[in-house]
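For reference, coords.cif (mmCIF, C-alpha atoms):
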data_final
loop_
_atom_site.label_atom_id
_atom_site.label_comp_id
_atom_site.auth_asym_id
_atom_site.auth_seq_id
_atom_site.Cartn_x
_atom_site.Cartn_y
_atom_site.Cartn_z
CA MET A 246 0.94 -21.27 10.15
CA LEU A 247 4.65 -21.91 9.75
CA SER A 248 4.27 -22.45 6.01
CA LYS A 249 2.79 -18.94 5.70
CA SER A 250 5.51 -17.24 7.78
CA ASN A 251 7.35 -14.27 6.32
CA PRO A 252 11.17 -14.56 6.40
CA LYS A 253 11.43 -11.04 7.87
CA GLN A 254 9.07 -12.03 10.71
CA ILE A 255 11.16 -15.14 11.45
CA ILE A 256 14.38 -13.09 11.59
CA THR A 257 12.68 -10.55 13.89
CA ILE A 258 11.57 -13.34 16.26
CA ILE A 259 15.08 -14.78 16.36
CA ARG A 260 16.55 -11.34 17.08
CA CYS A 261 14.07 -10.84 19.94
CA LEU A 262 15.03 -14.22 21.41
CA PHE A 263 18.69 -13.21 21.24
CA VAL A 264 18.01 -9.89 23.01
CA VAL A 265 16.02 -11.65 25.75
CA MET A 266 18.91 -14.06 26.32
CA MET A 267 21.43 -11.25 26.52
CA ILE A 268 19.28 -9.35 29.03
CA THR A 269 18.81 -12.47 31.14
CA ASN A 270 22.55 -13.03 31.03
CA SER A 271 23.07 -9.76 32.91
CA TYR A 272 21.28 -10.82 36.09
CA GLY A 273 21.40 -13.56 38.70
CA GLN A 274 24.07 -16.09 39.65
CA ASN A 275 25.19 -16.83 36.13
CA THR A 276 28.23 -18.53 34.67
CA THR A 277 29.32 -17.96 31.07
CA TYR A 278 31.57 -20.24 29.03
CA ASN A 279 33.18 -19.66 25.65
CA GLN A 280 33.42 -22.75 23.48
CA PHE A 281 34.40 -23.99 20.04
CA TRP A 282 32.55 -26.90 18.41
CA ASN A 283 33.69 -28.58 15.22
CA GLU A 284 32.27 -31.49 13.27
CA ILE A 285 33.21 -33.29 10.06
CA GLN A 286 30.35 -35.06 8.26
CA PHE A 287 30.73 -37.81 5.67
CA ASN A 288 27.51 -38.53 3.74
CA GLN A 289 27.07 -41.44 1.35
CA THR A 290 24.10 -41.86 -1.00
CA LEU A 291 22.84 -45.43 -1.30
CA SER A 292 19.76 -44.82 -3.45
CA LYS A 293 17.13 -42.15 -4.12
CA LYS A 294 15.53 -42.95 -0.76
CA TRP A 295 18.42 -44.00 1.47
CA SER A 296 21.74 -42.55 2.62
CA THR A 297 24.24 -43.03 5.44
CA GLU A 298 26.32 -40.55 7.42
CA ILE A 299 29.30 -40.62 9.79
CA ASP A 300 30.08 -37.60 11.98
CA LEU A 301 33.32 -36.92 13.86
CA GLY A 302 33.08 -34.16 16.44
CA ALA A 303 35.09 -32.34 19.10
CA ALA A 304 34.27 -29.55 21.55
CA TYR A 305 36.56 -27.18 23.47
CA SER A 306 35.71 -24.85 26.35
CA SER A 307 36.92 -22.09 28.59
CA THR A 308 36.82 -22.50 32.38
CA GLU A 309 35.71 -20.27 35.25
CA SER A 310 39.34 -19.17 35.68
CA SER A 311 40.26 -18.84 31.98
CA SER A 312 38.37 -17.25 29.08
CA ASN A 313 40.39 -19.20 26.49
CA LEU A 314 37.83 -21.20 24.54
CA PHE A 315 40.49 -23.88 23.85
CA GLU A 316 41.43 -24.28 27.53
CA ASN A 317 39.88 -27.77 27.83
CA THR A 318 38.94 -30.46 25.33
CA ILE A 319 35.58 -31.37 26.84
CA GLN A 320 34.07 -33.76 24.31
CA ARG A 321 34.91 -36.04 21.39
CA SER A 322 32.30 -38.02 19.52
CA VAL A 323 31.60 -40.39 16.65
CA ARG A 324 28.08 -40.84 15.28
CA GLY A 325 26.60 -43.10 12.62
CA TRP A 326 23.34 -42.21 10.83
CA GLY A 327 20.82 -43.87 8.58
CA HIS A 328 18.54 -41.50 6.59
CA TYR A 329 15.29 -42.30 4.76
CA PHE A 330 13.82 -39.68 2.40
CA TYR A 331 10.13 -40.51 2.58
CA SER A 332 9.04 -37.57 0.41
CA PRO A 333 10.33 -34.13 -0.66
CA ARG A 334 8.95 -32.79 2.63
CA TRP A 335 9.70 -35.61 5.10
CA LYS A 336 13.07 -37.07 6.09
CA PHE A 337 13.38 -39.74 8.81
CA SER A 338 16.66 -40.66 10.50
CA ALA A 339 18.20 -42.72 13.27
CA PHE A 340 21.67 -42.73 14.79
CA ILE A 341 23.91 -44.45 17.30
CA ALA A 342 26.79 -42.49 18.81
CA HIS A 343 29.52 -42.59 21.41
CA TYR A 344 30.50 -39.42 23.29
CA ASN A 345 33.62 -39.12 25.41
CA ASN A 346 32.53 -36.37 27.83
CA ARG A 347 35.31 -34.98 30.01
CA ASP A 348 35.05 -31.88 32.19
CA VAL A 349 31.84 -30.78 30.44
CA PRO A 350 30.69 -27.68 32.43
CA GLU A 351 27.00 -28.66 32.41
CA ILE A 352 27.75 -32.21 33.63
CA GLY A 353 30.66 -31.70 36.05
CA GLN A 354 34.40 -31.98 36.36
CA PHE A 355 34.65 -35.72 35.77
CA GLU A 356 34.74 -38.18 32.88
CA SER A 357 31.31 -39.29 31.68
CA PRO A 358 31.39 -41.65 28.68
CA GLU A 359 28.04 -41.89 26.93
CA TRP A 360 26.21 -44.01 24.41
CA ARG A 361 23.44 -42.15 22.61
CA TYR A 362 20.62 -43.40 20.38
CA ALA A 363 18.07 -41.24 18.57
CA LEU A 364 15.08 -41.19 16.24
CA GLN A 365 14.51 -38.04 14.21
CA GLY A 366 12.05 -36.53 11.75
CA ILE A 367 12.44 -33.34 9.69
CA TYR A 368 9.59 -31.61 7.86
CA TYR A 369 10.49 -29.07 5.15
CA PHE A 370 8.38 -26.06 4.16
CA HIS A 371 9.85 -25.41 0.70
CA LYS A 372 9.40 -21.79 -0.35
CA THR A 373 10.67 -19.70 -3.24
CA GLY A 374 14.01 -18.24 -2.21
CA TYR A 375 14.28 -19.89 1.21
CA THR A 376 13.62 -23.09 3.15
CA LEU A 377 11.94 -23.40 6.53
CA SER A 378 12.11 -26.70 8.40
CA THR A 379 11.17 -28.14 11.75
CA ARG A 380 13.08 -31.00 13.37
CA MET A 381 11.83 -33.43 16.02
CA ARG A 382 14.38 -35.66 17.79
CA MET A 383 14.01 -38.16 20.64
CA GLU A 384 17.30 -39.18 22.29
CA PHE A 385 18.11 -42.01 24.67
CA ARG A 386 21.36 -41.33 26.58
CA HIS A 387 23.19 -43.98 28.62
CA MET A 388 25.90 -42.10 30.54
CA ARG A 389 28.11 -42.47 33.59
CA ASN A 390 27.65 -40.19 36.61
CA GLN A 391 30.21 -39.05 39.18
CA ASP A 392 29.58 -42.19 41.29
CA ASP A 393 30.70 -44.36 38.34
CA ASN A 394 27.13 -45.61 37.86
CA TYR A 395 25.35 -45.42 34.52
CA GLU A 396 22.08 -43.53 34.24
CA ASN A 397 19.51 -43.35 31.45
CA VAL A 398 18.40 -39.93 30.24
CA ILE A 399 15.55 -39.38 27.79
CA ARG A 400 15.68 -36.07 25.97
CA TYR A 401 13.34 -34.47 23.40
CA ARG A 402 14.54 -31.72 21.06
CA GLN A 403 12.38 -29.43 18.89
CA GLN A 404 14.03 -27.13 16.38
CA ILE A 405 12.89 -24.61 13.80
CA LYS A 406 15.41 -23.65 11.11
CA TYR A 407 15.54 -20.99 8.39
CA LEU A 408 17.94 -21.19 5.42
CA GLN A 409 18.27 -18.71 2.55
CA PRO A 410 20.76 -18.63 -0.35
CA ILE A 411 22.38 -15.20 -0.73
CA ASN A 412 23.77 -15.09 -4.27
CA SER A 413 21.42 -17.58 -5.92
CA LYS A 414 17.87 -18.89 -5.67
CA ILE A 415 19.07 -22.46 -5.09
CA LEU A 416 21.91 -24.17 -3.25
CA ARG A 417 24.70 -25.12 -5.66
CA LYS A 418 28.45 -24.68 -6.20
CA GLY A 419 29.70 -21.20 -5.29
CA VAL A 420 26.60 -20.21 -3.30
CA ILE A 421 26.73 -18.49 0.09
CA TYR A 422 23.72 -18.99 2.36
CA ALA A 423 22.45 -17.59 5.65
CA VAL A 424 21.12 -19.91 8.34
CA ALA A 425 19.33 -19.37 11.67
CA SER A 426 17.69 -21.80 14.07
CA ASP A 427 16.28 -22.08 17.55
CA GLU A 428 15.97 -25.36 19.48
CA VAL A 429 14.33 -26.30 22.77
CA TYR A 430 15.56 -29.31 24.82
CA LEU A 431 13.39 -31.18 27.35
CA LYS A 432 14.69 -34.11 29.42
CA SER A 433 14.05 -36.56 32.22
CA GLY A 434 15.66 -35.76 35.58
CA THR A 435 18.82 -37.63 36.61
CA LYS A 436 21.82 -37.08 38.83
CA VAL A 437 24.27 -36.70 35.97
CA THR A 438 22.33 -34.05 34.00
CA GLY A 439 20.23 -32.47 36.76
CA GLU A 440 16.61 -32.78 37.86
CA SER A 441 15.13 -29.95 35.81
CA PHE A 442 12.66 -30.86 33.05
CA PHE A 443 13.74 -27.97 30.82
CA ASP A 444 17.28 -28.72 29.67
CA ARG A 445 18.29 -25.75 27.50
CA ASN A 446 17.54 -23.43 24.60
CA ARG A 447 20.02 -23.14 21.73
CA LEU A 448 20.05 -20.26 19.23
CA ASN A 449 22.23 -20.51 16.10
CA VAL A 450 22.98 -17.76 13.56
CA GLY A 451 25.55 -17.99 10.78
CA ALA A 452 26.39 -18.69 7.16
CA GLY A 453 27.63 -21.44 4.88
CA TYR A 454 29.40 -21.86 1.56
CA LEU A 455 29.26 -24.63 -1.06
CA PHE A 456 32.66 -25.25 -2.64
CA SER A 457 30.92 -27.83 -4.83
CA ASP A 458 27.79 -29.97 -4.74
CA ASP A 459 29.74 -32.38 -2.52
CA ILE A 460 31.78 -30.10 -0.22
CA GLN A 461 30.16 -27.63 2.15
CA VAL A 462 31.36 -25.46 5.08
CA GLU A 463 29.14 -23.81 7.68
CA LEU A 464 30.20 -21.38 10.43
CA THR A 465 27.71 -20.25 13.07
CA TYR A 466 27.48 -18.53 16.43
CA ALA A 467 25.56 -20.50 19.07
CA ASN A 468 24.09 -19.16 22.30
CA GLU A 469 22.88 -21.69 24.87
CA TYR A 470 20.77 -20.97 27.94
CA LEU A 471 20.95 -23.73 30.57
CA PRO A 472 19.02 -23.22 33.84
CA ARG A 473 20.47 -25.37 36.63
CA ASN A 474 19.84 -25.73 40.38
CA SER A 475 23.35 -24.42 41.09
CA GLY A 476 22.83 -21.38 38.85
CA THR A 477 22.13 -20.46 35.25
CA GLN A 478 24.79 -21.31 32.69
CA PHE A 479 25.29 -19.51 29.38
CA THR A 480 27.44 -20.76 26.53
CA ASN A 481 28.74 -18.66 23.65
CA ALA A 482 30.16 -20.97 21.00
CA ALA A 483 31.69 -20.75 17.55
CA SER A 484 30.59 -23.80 15.55
CA LEU A 485 32.35 -25.06 12.40
CA THR A 486 30.88 -27.89 10.32
CA VAL A 487 32.49 -29.36 7.19
CA SER A 488 30.44 -31.78 5.07
CA PHE A 489 31.58 -34.19 2.36
CA ASN A 490 29.09 -36.00 0.13
CA ASN A 491 30.07 -39.32 -1.49
CA LEU A 492 33.74 -38.69 -0.73
CA LEU A 493 34.99 -42.25 -1.37
CA ARG A 494 32.91 -42.58 -4.53
CA ASN A 495 34.25 -39.28 -5.89
CA ILE A 496 37.86 -40.28 -5.12
CA GLN A 497 37.32 -43.59 -6.91
CA LYS A 498 35.91 -41.74 -9.94
CA LYS A 499 38.92 -39.42 -10.08
CA ILE A 500 41.33 -42.35 -9.87
CA ALA A 501 39.40 -44.21 -12.58
CA ASN A 502 39.43 -41.12 -14.85
CA LYS A 503 43.19 -40.68 -14.38
CA ASN A 504 43.76 -44.35 -15.22
CA ASP A 505 41.61 -44.00 -18.34
CA HIS A 506 43.53 -40.93 -19.52
CA HIS A 507 46.83 -42.65 -18.80
CA ALA A 508 45.75 -45.71 -20.78
CA LYS A 509 44.66 -43.57 -23.73
CA ASP A 510 47.99 -41.70 -23.73
CA GLU A 511 49.89 -44.99 -23.85
CA GLU A 512 47.77 -46.20 -26.77
CA GLU A 513 48.51 -43.03 -28.70
#
When written as structure tokens, how does the structure in this file appear?
Amino acid sequence: MLSKSNPKQIITIIRCLFVVMMITNSYGQNTTYNQFWNEIQFNQTLSKKWSTEIDLGAAYSSTESSSNLFENTIQRSVRGWGHYFYSPRWKFSAFIAHYNNRDVPEIGQFESPEWRYALQGIYYFHKTGYTLSTRMRMEFRHMRNQDDNYENVIRYRQQIKYLQPINSKILRKGVIYAVASDEVYLKSGTKVTGESFFDRNRLNVGAGYLFSDDIQVELTYANEYLPRNSGTQFTNAASLTVSFNNLLRNIQKKIANKNDHHAKDEEE
């Protein structure tokens, strides 16, 4: 049924989800945080089927006493990926990551270093003028709680994502695109992340721009709904992602081209 979905219907559903979240945010013992997330991605193609990726991330947050979204640096992370492109529709991935969690509102006001491992699959519904995809991710989190003991958390994430180029039919240099996604998180109960089975829902809406085939910037607004025993938490976040493809290879090519031109000039 997803492959037959109309883009206008998908946008309407996402808008309805957003309205429901805003209405829910008006009632109950709720806490709202403003945050800024940024990530730099370095992708390297190995072959037609394989690629690697390294992500460097940081997150900043307001507090209950301050609305400044840069009040606290709550998380820094480094993540290494391996990607396998099984077919034009299927992409399988795995990663290992280290997260330095500190004063993360959903965890608590303490330092909680974390090792995270994940297996992921993405299925693409390629359509004329837009792309619809669904992502399945299973995460294993090994993280320290407030008693300085490490706990294991298993979390499953299911996302649906819609992407549409604005000024072209395909993604290429100079193209602006719109992007929207919704993701549900389910987890095992632990002391460090809470006992609830439903972890959160994350809605993303934004746009991106391709400076070239190898440099891309994406800016989105994220709304997270996190039900907790102590009260519901809402997060409004600005998210900035910058991606570089084959950065080292491209730098090497530019250096080689300059050397070639310099050598030719000397010969002349």
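Of note, CA of Asn468 (chain A) and CA of Asn279 (chain A) are spaced 9.7 Å apart.
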Answer key for the PyMOL selection byres ((chain A and resi 407) around 7), residues as a list of chain:residue names:
A:Thr376, A:Leu377, A:Ser378, A:Lys406, A:Leu408, A:Gln409, A:Val424, A:Ala425, A:Ser426
Apply the PyMOL selection byres ((chain A and resi 361) around 8) to the structure shown and report the selected residues as a VMD selection string.
chain A and resid 341 to 344 359 to 360 362 to 363 384 to 387
List the neighbours of region 338-340 of chain A out to 8 Å using only C-alpha atoms; skip same-chain residues closer than 6 positions along the sequence, and give me the result as JSON, numbers by chain.
{"A": [324, 325, 326, 327, 328, 329, 362, 363, 364, 365, 366]}
Export of prior selection with C-alpha atoms as a PDB file, in the coordinates of the input:
ATOM      1  CA  ARG A 324      28.080 -40.840  15.280  1.00  0.00           C
ATOM      2  CA  GLY A 325      26.600 -43.100  12.620  1.00  0.00           C
ATOM      3  CA  TRP A 326      23.340 -42.210  10.830  1.00  0.00           C
ATOM      4  CA  GLY A 327      20.820 -43.870   8.580  1.00  0.00           C
ATOM      5  CA  HIS A 328      18.540 -41.500   6.590  1.00  0.00           C
ATOM      6  CA  TYR A 329      15.290 -42.300   4.760  1.00  0.00           C
ATOM      7  CA  TYR A 362      20.620 -43.400  20.380  1.00  0.00           C
ATOM      8  CA  ALA A 363      18.070 -41.240  18.570  1.00  0.00           C
ATOM      9  CA  LEU A 364      15.080 -41.190  16.240  1.00  0.00           C
ATOM     10  CA  GLN A 365      14.510 -38.040  14.210  1.00  0.00           C
ATOM     11  CA  GLY A 366      12.050 -36.530  11.750  1.00  0.00           C
TER      12      GLY A 366
END
Could you list the residues chosen by the PyMOL selection byres ((chain A and resi 438) around 9) in this structure as a list in words?
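What the PyMOL selection byres ((chain A and resi 438) around 9) grabs from the file is Glu351, Ile352, Gly353, Asn390, Val398, Lys432, Ser433, Gly434, Thr435, Lys436, Val437, Gly439, Glu440, Ser441 and Asp444 of chain A.
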Å distance separating CA of Thr290 (chain A) from CA of Pro333 (chain A), one decimal place
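Between CA of Thr290 (chain A) and CA of Pro333 (chain A) the gap works out to 15.8 Å.
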What's the 9 Å shell around Asn317 (chain A), counting only C-alpha atoms, without same-chain residues fewer than 5 positions away, as a PyMOL selection string?
chain A and resi 304-308+347-349
Take the residues just selected and output them with C-alpha atoms as a PDB file, keeping the file's coordinate frame.
ATOM      1  CA  ALA A 304      34.270 -29.550  21.550  1.00  0.00           C
ATOM      2  CA  TYR A 305      36.560 -27.180  23.470  1.00  0.00           C
ATOM      3  CA  SER A 306      35.710 -24.850  26.350  1.00  0.00           C
ATOM      4  CA  SER A 307      36.920 -22.090  28.590  1.00  0.00           C
ATOM      5  CA  THR A 308      36.820 -22.500  32.380  1.00  0.00           C
ATOM      6  CA  ARG A 347      35.310 -34.980  30.010  1.00  0.00           C
ATOM      7  CA  ASP A 348      35.050 -31.880  32.190  1.00  0.00           C
ATOM      8  CA  VAL A 349      31.840 -30.780  30.440  1.00  0.00           C
TER       9      VAL A 349
END
Need to verify the contact set: Arg417 (chain A), 8 Å, all atoms listed in the file, exclusion of same-chain residues closer than 5 positions in sequence. Can you return it as a PyMOL selection string?
chain A and resi 455+457-458
Can I get the selection written as a PDB file, keeping the file's coordinate frame, with C-alpha atoms?
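Saved as result_22.pdb:
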ATOM      1  CA  LEU A 455      29.260 -24.630  -1.060  1.00  0.00           C
ATOM      2  CA  SER A 457      30.920 -27.830  -4.830  1.00  0.00           C
ATOM      3  CA  ASP A 458      27.790 -29.970  -4.740  1.00  0.00           C
TER       4      ASP A 458
END
For the atom pair CA of Asn288 (chain A) and CA of Asn495 (chain A), what is the interatomic distance in Å to one decimal place?
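Calculated distance between CA of Asn288 (chain A) and CA of Asn495 (chain A) is 11.8 Å.
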Looking at A:Phe330, A:Leu492, A:Val323, A:Thr379, which one is nearest to Lys293 (chain A), with distances taken over all atoms listed in the file?
A:Phe330
With only C-alpha atoms as the basis for distance, which of A:Phe315, A:Tyr331, A:Tyr430, A:Phe479 is at the shortest distance from Tyr401 (chain A)?
A:Tyr430
Could you check the closest approach to Gln478 (chain A) for each of A:Ser310, A:Arg445, A:Ala423, A:Tyr368 and tell me which residue wins, using all atoms listed in the file?
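Going through A:Ser310, A:Arg445, A:Ala423, A:Tyr368 one by one, the smallest distance to Gln478 (chain A) is for A:Arg445.
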Find the spatial neighbours of Tyr454 (chain A), counting only C-alpha atoms, within a cut-off of 9 Å - ignore same-chain residues fewer than 2 positions away - and output them as an mmCIF file with C-alpha atoms, in the frame of the given file.
data_model
loop_
_atom_site.group_PDB
_atom_site.id
_atom_site.type_symbol
_atom_site.label_atom_id
_atom_site.label_comp_id
_atom_site.auth_asym_id
_atom_site.auth_seq_id
_atom_site.Cartn_x
_atom_site.Cartn_y
_atom_site.Cartn_z
ATOM 1 C CA LYS A 418 28.450 -24.680 -6.200
ATOM 2 C CA GLY A 419 29.700 -21.200 -5.290
ATOM 3 C CA VAL A 420 26.600 -20.210 -3.300
ATOM 4 C CA ILE A 421 26.730 -18.490 0.090
ATOM 5 C CA TYR A 422 23.720 -18.990 2.360
ATOM 6 C CA ALA A 452 26.390 -18.690 7.160
ATOM 7 C CA PHE A 456 32.660 -25.250 -2.640
ATOM 8 C CA SER A 457 30.920 -27.830 -4.830
ATOM 9 C CA ILE A 460 31.780 -30.100 -0.220
ATOM 10 C CA GLN A 461 30.160 -27.630 2.150
ATOM 11 C CA VAL A 462 31.360 -25.460 5.080
ATOM 12 C CA GLU A 463 29.140 -23.810 7.680
ATOM 13 C CA LEU A 464 30.200 -21.380 10.430
#
Quick one: residues within 9 Å of Ile285 (chain A), all atoms listed in the file counted, chain neighbours fewer than 6 positions away excluded, as a ChimeraX atom specification?
/A:299-302,485-489
Option closest in space to Pro472 (chain A), from A:Ser484, A:Asn490, A:Gln280, A:Asn446 [counting all atoms listed in the file]
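Result for the nearest residue to Pro472 (chain A): A:Asn446.
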Taking into account only C-alpha atoms, which residue in the set A:Asn491, A:Gln274, A:Ser413, A:Asn449 is nearest to Leu291 (chain A)?
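Checking each candidate against Leu291 (chain A), we get A:Asn491 as the closest.
When only C-alpha atoms are used to measure the gap to Arg380 (chain A), the shortest distance among A:Asn502, A:Gln403, A:Thr477, A:Asn275 belongs to A:Gln403.
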